[in-house]
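The next block is data_26.cif, given as mmCIF, C-alpha atoms.
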```cif
data_upload
#
loop_
_atom_site.label_atom_id
_atom_site.label_comp_id
_atom_site.auth_asym_id
_atom_site.auth_seq_id
_atom_site.Cartn_x
_atom_site.Cartn_y
_atom_site.Cartn_z
CA LEU A 59 64.57 54.37 -76.12
CA GLU A 60 65.40 57.98 -75.28
CA ARG A 61 64.69 58.54 -71.58
CA GLY A 62 64.36 62.32 -71.72
CA CYS A 63 61.07 64.23 -71.69
CA ASP A 64 59.66 66.20 -74.58
CA LEU A 65 60.63 69.86 -74.59
CA HIS A 66 57.71 72.22 -74.15
CA GLU A 67 57.76 73.56 -77.70
CA GLN A 68 58.32 70.12 -79.21
CA ALA A 69 55.31 68.85 -77.31
CA ARG A 70 53.12 71.38 -79.09
CA VAL A 71 54.60 70.94 -82.57
CA GLU A 72 55.33 67.25 -82.94
CA PRO A 73 51.72 65.94 -82.77
CA MET A 74 50.75 68.15 -85.72
CA LYS A 75 53.81 67.09 -87.73
CA ARG A 76 53.14 63.45 -86.91
CA MET A 77 49.49 63.70 -87.93
CA GLN A 78 50.44 65.40 -91.20
CA THR A 79 52.74 62.47 -91.93
CA LEU A 80 50.01 59.98 -91.11
CA ASN A 81 47.56 61.78 -93.37
CA ALA A 82 50.03 61.86 -96.23
CA GLU A 83 50.77 58.16 -95.91
CA THR A 84 47.28 56.82 -95.23
CA GLU A 85 45.01 59.61 -96.52
CA ALA A 86 43.03 59.12 -93.34
CA LYS A 87 43.14 60.44 -89.81
CA ALA A 88 43.94 58.34 -86.80
CA THR A 89 40.84 57.41 -84.85
CA GLU A 90 42.06 55.00 -82.17
CA VAL A 91 43.24 55.49 -78.61
CA ILE A 92 44.92 52.84 -76.45
CA SER A 93 44.86 52.85 -72.65
CA LEU A 94 46.87 50.24 -70.72
CA TYR A 95 46.23 49.03 -67.17
CA ASP A 96 42.86 50.76 -67.46
CA PHE A 97 39.97 49.11 -65.64
CA SER A 98 37.55 52.04 -65.28
CA GLY A 99 37.79 53.50 -68.78
CA VAL A 100 37.54 57.02 -67.34
CA SER A 101 40.62 58.13 -69.26
CA CYS A 102 38.99 57.02 -72.52
CA LEU A 103 35.62 58.65 -71.95
CA PRO A 104 36.32 62.13 -73.43
CA TRP A 105 37.90 60.54 -76.50
CA ALA A 106 35.00 58.13 -77.06
CA GLU A 107 32.46 60.89 -76.60
CA ALA A 108 34.25 62.78 -79.38
CA GLY A 109 34.02 59.84 -81.80
CA HIS A 110 37.23 57.89 -81.21
CA THR A 111 37.52 54.12 -80.88
CA CYS A 112 39.21 53.41 -77.56
CA TYR A 113 40.74 50.21 -76.26
CA ALA A 114 41.13 49.83 -72.48
CA PHE A 115 43.36 46.87 -71.63
CA ASP A 116 43.49 45.36 -68.16
CA ILE A 117 43.76 41.91 -66.61
CA GLN A 118 40.52 42.51 -64.66
CA HIS A 119 38.40 42.69 -67.80
CA PRO A 120 36.53 39.49 -68.69
CA PRO A 121 37.69 37.24 -71.54
CA ALA A 122 36.69 37.88 -75.14
CA ALA A 123 33.45 35.90 -74.97
CA GLU A 124 32.17 38.27 -72.27
CA ARG A 125 33.81 41.45 -73.50
CA LYS A 126 32.20 44.71 -72.47
CA MET A 127 31.81 47.62 -74.89
CA ASP A 128 30.36 51.11 -74.45
CA TRP A 129 28.98 52.96 -77.48
CA PHE A 130 28.39 56.70 -77.81
CA PRO A 131 26.11 58.86 -80.04
CA SER A 132 29.23 60.33 -81.66
CA GLY A 133 30.07 56.90 -83.08
CA GLY A 134 32.91 56.51 -80.59
CA SER A 135 33.33 53.47 -78.38
CA ILE A 136 35.29 51.98 -75.49
CA HIS A 137 36.30 48.33 -75.76
CA TYR A 138 37.32 46.76 -72.45
CA ILE A 139 39.80 44.00 -73.29
CA HIS A 140 41.33 41.36 -71.04
CA ALA A 141 45.13 41.41 -71.24
CA ASP A 142 48.03 40.32 -69.04
CA LEU A 143 50.30 43.31 -69.52
CA HIS A 144 53.04 41.77 -67.40
CA LYS A 145 53.87 39.42 -70.24
CA PRO A 146 56.19 40.65 -73.03
CA GLU A 147 54.33 38.43 -75.49
CA THR A 148 51.19 40.49 -74.88
CA PHE A 149 52.99 43.54 -76.29
CA THR A 150 54.24 41.46 -79.21
CA GLU A 151 50.63 40.69 -80.05
CA LEU A 152 49.53 44.30 -79.54
CA LEU A 153 52.22 45.48 -81.95
CA LYS A 154 50.94 43.00 -84.50
CA ASP A 155 47.41 44.35 -84.06
CA PHE A 156 48.16 48.06 -83.84
CA GLY A 157 51.62 48.55 -85.29
CA ASP A 158 51.03 47.74 -88.94
CA GLY A 159 50.36 50.23 -91.73
CA ASP A 160 46.59 49.88 -91.41
CA ALA A 161 46.48 50.79 -87.72
CA LEU A 162 45.30 54.30 -86.90
CA VAL A 163 46.35 54.77 -83.29
CA GLY A 164 46.78 58.42 -82.40
CA PHE A 165 47.27 58.52 -78.64
CA GLY A 166 48.38 56.25 -75.78
CA MET A 167 47.92 56.17 -72.01
CA SER A 168 49.14 53.81 -69.33
CA PHE A 169 48.51 53.44 -65.60
CA PRO A 170 50.99 50.74 -64.48
CA VAL A 171 50.28 48.94 -61.21
CA CYS A 172 51.90 50.97 -58.44
CA SER A 173 51.75 48.48 -55.56
CA ASP A 174 55.45 47.65 -55.86
CA LEU A 175 56.52 51.15 -56.90
CA SER A 176 54.75 53.79 -54.82
CA VAL A 177 56.84 55.28 -52.01
CA ALA A 178 53.65 55.26 -49.91
CA GLY A 179 54.14 51.51 -49.59
CA SER A 180 57.89 51.61 -48.98
CA ARG A 181 57.51 50.14 -45.50
CA HIS A 182 56.56 46.85 -47.19
CA PHE A 183 59.46 46.78 -49.66
CA ALA A 184 61.81 44.81 -47.38
CA LYS A 185 59.35 41.95 -46.90
CA LYS A 186 58.55 41.90 -50.59
CA ALA A 187 62.25 41.71 -51.40
CA GLU A 188 62.58 38.69 -49.10
CA ARG A 189 59.97 36.88 -51.15
CA ASP A 190 61.30 38.10 -54.50
CA PRO A 191 64.54 40.09 -54.68
CA ASP A 192 63.60 41.21 -58.20
CA PHE A 193 60.05 42.36 -57.41
CA GLN A 194 60.80 46.03 -58.00
CA THR A 195 62.90 45.49 -61.11
CA LYS A 196 59.99 43.57 -62.57
CA ALA A 197 57.53 46.33 -61.66
CA VAL A 198 59.71 48.97 -63.30
CA ASN A 199 60.04 46.82 -66.41
CA TYR A 200 56.25 46.48 -66.65
CA ALA A 201 55.99 50.26 -66.84
CA VAL A 202 58.88 50.63 -69.29
CA MET A 203 57.30 48.05 -71.60
CA CYS A 204 54.33 50.42 -71.96
CA ALA A 205 56.59 53.31 -72.91
CA ASP A 206 58.49 51.16 -75.38
CA PHE A 207 55.20 50.04 -76.95
CA PHE A 208 53.99 53.60 -77.50
CA GLU A 209 57.41 54.66 -78.77
CA ALA A 210 57.21 51.82 -81.30
CA LEU A 211 53.78 53.10 -82.41
CA GLY A 212 55.13 56.64 -82.70
CA VAL A 213 52.26 58.26 -80.81
CA PRO A 214 52.01 60.87 -78.03
CA TYR A 215 51.60 59.13 -74.69
CA PHE A 216 51.92 59.29 -70.94
CA LEU A 217 52.58 56.87 -68.11
CA GLU A 218 50.89 57.75 -64.81
CA ASN A 219 52.00 56.73 -61.33
CA PRO A 220 52.07 58.25 -57.86
CA VAL A 221 55.38 59.36 -56.40
CA SER A 222 57.36 56.18 -56.94
CA VAL A 223 60.70 54.52 -57.55
CA LEU A 224 60.19 55.05 -61.27
CA ALA A 225 61.73 58.48 -60.68
CA THR A 226 65.10 56.86 -59.96
CA ALA A 227 64.88 53.45 -61.64
CA TYR A 228 63.46 54.79 -64.93
CA LYS A 229 63.75 58.57 -65.19
CA ALA A 230 62.57 61.71 -63.43
CA PRO A 231 58.88 62.52 -64.00
CA CYS A 232 58.16 64.97 -66.79
CA HIS A 233 55.17 66.50 -64.97
CA ARG A 234 53.55 66.43 -61.53
CA PHE A 235 50.02 67.39 -60.52
CA HIS A 236 47.20 66.98 -58.02
CA PRO A 237 43.66 66.02 -59.14
CA SER A 238 42.40 69.39 -57.91
CA ASP A 239 44.66 71.11 -60.46
CA PHE A 240 42.24 70.08 -63.22
CA GLY A 241 38.94 70.10 -61.32
CA GLY A 242 37.85 73.19 -63.24
CA TYR A 243 37.38 71.04 -66.35
CA ILE A 244 34.41 69.37 -64.63
CA PRO A 245 31.17 71.38 -65.00
CA GLU A 246 29.59 72.37 -61.71
CA ASP A 247 26.38 70.52 -62.59
CA GLN A 248 28.48 67.33 -62.89
CA ALA A 249 30.46 67.96 -59.73
CA GLU A 250 29.52 64.75 -57.90
CA HIS A 251 31.57 61.73 -58.80
CA PRO A 252 29.32 59.30 -60.75
CA ARG A 253 30.75 56.10 -59.25
CA TRP A 254 32.38 56.87 -55.90
CA PRO A 255 30.84 60.08 -54.45
CA GLN A 256 31.41 58.81 -50.90
CA TYR A 257 35.15 58.66 -51.52
CA ILE A 258 36.12 61.04 -54.32
CA ALA A 259 35.50 64.73 -53.71
CA PRO A 260 33.23 66.75 -56.04
CA ARG A 261 35.11 68.16 -59.04
CA ASP A 262 38.21 66.21 -57.93
CA ALA A 263 38.76 68.75 -55.16
CA TYR A 264 41.47 66.80 -53.38
CA ARG A 265 45.24 66.48 -53.37
CA LYS A 266 47.14 63.35 -54.41
CA LYS A 267 50.55 63.98 -55.91
CA THR A 268 50.66 62.21 -59.26
CA CYS A 269 53.52 61.95 -61.74
CA LEU A 270 53.61 61.64 -65.51
CA TRP A 271 56.30 60.23 -67.77
CA THR A 272 55.57 61.40 -71.29
CA GLY A 273 56.81 61.10 -74.85
CA GLY A 274 55.95 61.24 -78.52
CA GLY A 275 54.84 64.87 -78.45
CA PHE A 276 52.45 64.68 -75.48
CA VAL A 277 51.01 68.08 -74.59
CA MET A 278 50.61 68.78 -70.88
CA PRO A 279 47.26 70.54 -70.42
CA GLU A 280 46.85 73.88 -68.73
CA LYS A 281 45.62 73.72 -65.17
CA ARG A 282 42.17 74.87 -64.09
CA PRO A 283 42.44 74.40 -60.33
CA VAL A 284 39.67 74.19 -57.78
CA ASP A 285 40.16 74.61 -54.05
CA PRO A 286 40.97 71.21 -52.55
CA GLU A 287 39.10 69.97 -49.51
CA ALA A 288 40.32 71.65 -46.36
CA TYR A 289 40.60 68.41 -44.36
CA HIS A 290 43.70 68.26 -42.16
CA GLY A 291 44.59 71.70 -43.43
CA ASN A 292 46.40 70.28 -46.44
CA GLY A 293 43.66 69.38 -48.90
CA TYR A 294 44.19 65.62 -48.77
CA SER A 295 40.79 63.96 -48.78
CA THR A 296 39.87 62.12 -45.59
CA ALA A 297 37.50 59.97 -47.64
CA MET A 298 40.40 58.66 -49.73
CA MET A 299 42.39 58.09 -46.55
CA LYS A 300 39.65 55.73 -45.34
CA LEU A 301 40.42 53.40 -48.21
CA GLY A 302 42.92 51.16 -46.51
CA GLY A 303 43.38 47.44 -46.97
CA LYS A 304 44.43 45.28 -49.88
CA SER A 305 41.12 44.56 -51.63
CA GLN A 306 40.94 45.03 -55.38
CA ARG A 307 37.99 47.38 -54.88
CA THR A 308 40.09 49.64 -52.67
CA LYS A 309 42.91 49.65 -55.21
CA ASP A 310 40.49 50.45 -58.04
CA ILE A 311 38.95 53.41 -56.20
CA ARG A 312 42.27 54.86 -55.13
CA SER A 313 43.67 54.57 -58.65
CA GLU A 314 40.59 55.85 -60.51
CA THR A 315 41.65 58.42 -63.10
CA PRO A 316 40.55 61.93 -62.07
CA ARG A 317 37.79 63.05 -64.43
CA GLY A 318 39.11 66.58 -64.78
CA PHE A 319 42.57 65.36 -65.70
CA ALA A 320 41.12 62.98 -68.31
CA THR A 321 39.17 65.81 -69.93
CA ALA A 322 42.14 68.18 -69.81
CA VAL A 323 44.43 65.63 -71.49
CA TYR A 324 41.89 65.08 -74.24
CA GLN A 325 41.43 68.79 -74.90
CA ALA A 326 45.19 69.40 -75.05
CA ASN A 327 45.96 66.43 -77.32
CA LYS A 328 42.82 65.98 -79.40
CA TRP A 329 42.48 65.90 -83.13
CA GLU A 330 39.41 65.47 -85.30
CA ALA A 331 38.34 61.82 -85.57
CA THR A 332 37.17 60.52 -88.90
CA ALA A 333 35.21 57.27 -89.07
#
```
Will you turn the file into structure tokens for me?
Amino acid sequence: LERGCDLHEQARVEPMKRMQTLNAETEAKATEVISLYDFSGVSCLPWAEAGHTCYAFDIQHPPAAERKMDWFPSGGSIHYIHADLHKPETFTELLKDFGDGDALVGFGMSFPVCSDLSVAGSRHFAKKAERDPDFQTKAVNYAVMCADFFEALGVPYFLENPVSVLATAYKAPCHRFHPSDFGGYIPEDQAEHPRWPQYIAPRDAYRKKTCLWTGGGFVMPEKRPVDPEAYHGNGYSTAMMKLGGKSQRTKDIRSETPRGFATAVYQANKWEATA
């Protein structure tokens, strides 16, 4: 696996070339999007609204018998699928399902668990290492497995994490941003966060340095910034700072994909879906 990032011009040319190849070979356009370590489905929403079939894999989703699905007037959908993405055999099965000639995956996203990677939690690294000296190597490998999977599929993709040890143990981030950088993609009449308005600022108007590791011809969207909240004089949301503790709910809120970023990524990397 090549550990470099796509060059700017390549990132704008390769998706078109790849799609032309797919069309020539299958006489159909890719319609599917895969998102790994995705509990909320926010990253899939713009794609599903445009008619794509999206698969959000996460260990928190219920088993197949209770599987949740969201359907959209466009014909698009989000399928929330239970998966233990820490197991290599899970990716073996995913490649069987999505890596054959009949699969029509066109884009990939991944949000690997950052608990053992984020430098914000570095004060806990020593104790974690006492319990498991390989804890961080394992965490890095979980992220790299996602990249290897998307490379095997040959699709544009990104891995998302906060400032973390991935920068040294894997490779330097290809892009960095704050949620407020893409807040302008959220219409003003939809400014309030639909799930967590008490924590997440309207139009993602807050700072949280986030890194992307990209490949396959991913196109980094243009920024449409909004002024971040002026708390503490640095734009970091006090509401997000209140979310301490180790509960899964806290982790889910803090890691929720910014809506503006999700929309921006879709608009920069979209293609026309065909049912």
Can you list what the PyMOL selection byres ((chain A and resi 101) around 9) grabs from this structure, as a PyMOL selection string?
chain A and resi 93+96+98-100+102-105+114+167+315-317+319-321+323-324
Writing out the chosen residues with C-alpha atoms as an mmCIF file, in the frame of the given file:
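Resulting contents of out_21.cif:
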```cif
data_model
loop_
_atom_site.group_PDB
_atom_site.id
_atom_site.type_symbol
_atom_site.label_atom_id
_atom_site.label_comp_id
_atom_site.auth_asym_id
_atom_site.auth_seq_id
_atom_site.Cartn_x
_atom_site.Cartn_y
_atom_site.Cartn_z
ATOM 1 C CA SER A 93 44.860 52.850 -72.650
ATOM 2 C CA ASP A 96 42.860 50.760 -67.460
ATOM 3 C CA SER A 98 37.550 52.040 -65.280
ATOM 4 C CA GLY A 99 37.790 53.500 -68.780
ATOM 5 C CA VAL A 100 37.540 57.020 -67.340
ATOM 6 C CA CYS A 102 38.990 57.020 -72.520
ATOM 7 C CA LEU A 103 35.620 58.650 -71.950
ATOM 8 C CA PRO A 104 36.320 62.130 -73.430
ATOM 9 C CA TRP A 105 37.900 60.540 -76.500
ATOM 10 C CA ALA A 114 41.130 49.830 -72.480
ATOM 11 C CA MET A 167 47.920 56.170 -72.010
ATOM 12 C CA THR A 315 41.650 58.420 -63.100
ATOM 13 C CA PRO A 316 40.550 61.930 -62.070
ATOM 14 C CA ARG A 317 37.790 63.050 -64.430
ATOM 15 C CA PHE A 319 42.570 65.360 -65.700
ATOM 16 C CA ALA A 320 41.120 62.980 -68.310
ATOM 17 C CA THR A 321 39.170 65.810 -69.930
ATOM 18 C CA VAL A 323 44.430 65.630 -71.490
ATOM 19 C CA TYR A 324 41.890 65.080 -74.240
#
```
So, counting all atoms listed in the file, which residue among A:Gly212, A:Gly318, A:Pro120, A:Gly275 is closest to Pro237 of chain A?
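Closest to Pro237 of chain A, using all atoms listed in the file: A:Gly318.
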With only C-alpha atoms as the atoms that count, which of A:Tyr228, A:Trp329, A:Tyr243, A:Phe130 lies nearest to Ala201 of chain A?
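Of A:Tyr228, A:Trp329, A:Tyr243, A:Phe130, the one nearest Ala201 of chain A is A:Tyr228, counting only C-alpha atoms.
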Quick one: residues within 12 Å of segment 249-251 of chain A, only C-alpha atoms counted, chain neighbours fewer than 2 positions away excluded, as a list of chain:residue names?
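Neighbouring residues, sequence-local ones excluded: A:Val100, A:Gly241, A:Gly242, A:Tyr243, A:Ile244, A:Pro245, A:Glu246, A:Asp247, A:Arg253, A:Trp254, A:Pro255, A:Gln256, A:Tyr257, A:Ile258, A:Ala259, A:Pro260, A:Arg261, A:Asp262, A:Ala263, A:Val284, A:Ile311, A:Glu314, A:Thr315, A:Pro316, A:Arg317, A:Gly318.
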Work out how far atom CA of Pro121 of chain A is from atom CA of Glu151 of chain A, in Å to one decimal.
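Result for atom CA of Glu151 of chain A versus atom CA of Pro121 of chain A: 15.9 Å, one decimal.
Using all atoms listed in the file, the smallest distance between any of A:Val163, A:Val171, A:Ile139, A:Leu270 and Phe216 of chain A comes from A:Leu270.
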Among the residues A:Ala205, A:Asp285, A:Glu188, A:Ala326, the one that comes closest to His236 of chain A [using all atoms listed in the file]
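Closest to His236 of chain A of all the choices is A:Asp285.
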What does the PyMOL selection byres ((chain A and resi 217) around 10) select in this file, as an NGL selection string?
:A and (93-94 or 166-170 or 201-202 or 204-205 or 215-216 or 218-219 or 231-232 or 269-273)
What's the separation between atom CA of Ala210 of chain A and atom CA of His233 of chain A, in Å to one decimal place?
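Result for atom CA of Ala210 of chain A versus atom CA of His233 of chain A: 22.1 Å, one decimal.
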Hey, what comes out of the PyMOL selection byres ((chain A and resi 203) around 10) on this file? Could you write it as number ranges by chain?
A: 143-146, 149, 170, 198-202, 204-209
Pairwise distance, atom CA of Leu162 of chain A with atom CA of Asp116 of chain A, equals 20.8 Å
Show which residues sit within 7 Å of Ile136 of chain A, as a list in words. Count only C-alpha atoms, and ignore same-chain residues fewer than 6 positions away.
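Everything that qualifies: Cys102, Ala106, Thr111, Cys112, Tyr113, Ala114, Met127, Asp128 and Trp129 of chain A.
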Would you mind exporting the chosen residues as a PDB file, keeping the file's coordinate frame, restricted to C-alpha atoms?
```
ATOM      1  CA  CYS A 102      38.990  57.020 -72.520  1.00  0.00           C
ATOM      2  CA  ALA A 106      35.000  58.130 -77.060  1.00  0.00           C
ATOM      3  CA  THR A 111      37.520  54.120 -80.880  1.00  0.00           C
ATOM      4  CA  CYS A 112      39.210  53.410 -77.560  1.00  0.00           C
ATOM      5  CA  TYR A 113      40.740  50.210 -76.260  1.00  0.00           C
ATOM      6  CA  ALA A 114      41.130  49.830 -72.480  1.00  0.00           C
ATOM      7  CA  MET A 127      31.810  47.620 -74.890  1.00  0.00           C
ATOM      8  CA  ASP A 128      30.360  51.110 -74.450  1.00  0.00           C
ATOM      9  CA  TRP A 129      28.980  52.960 -77.480  1.00  0.00           C
TER      10      TRP A 129
END
```
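Checking A:Thr89, A:Lys186, A:Ser222, A:Gln325 one by one against Glu280 of chain A, counting only C-alpha atoms, you find the shortest gap at A:Gln325.
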Contacts of Ala141 of chain A within 8 Å, all atoms listed in the file, excl. fewer than 6 positions in-chain, as a PDB file with C-alpha atoms, in the coordinates of the input:
```pdb
ATOM      1  CA  PHE A 115      43.360  46.870 -71.630  1.00  0.00           C
ATOM      2  CA  ASP A 116      43.490  45.360 -68.160  1.00  0.00           C
ATOM      3  CA  ILE A 117      43.760  41.910 -66.610  1.00  0.00           C
ATOM      4  CA  HIS A 119      38.400  42.690 -67.800  1.00  0.00           C
ATOM      5  CA  THR A 148      51.190  40.490 -74.880  1.00  0.00           C
TER       6      THR A 148
END
```
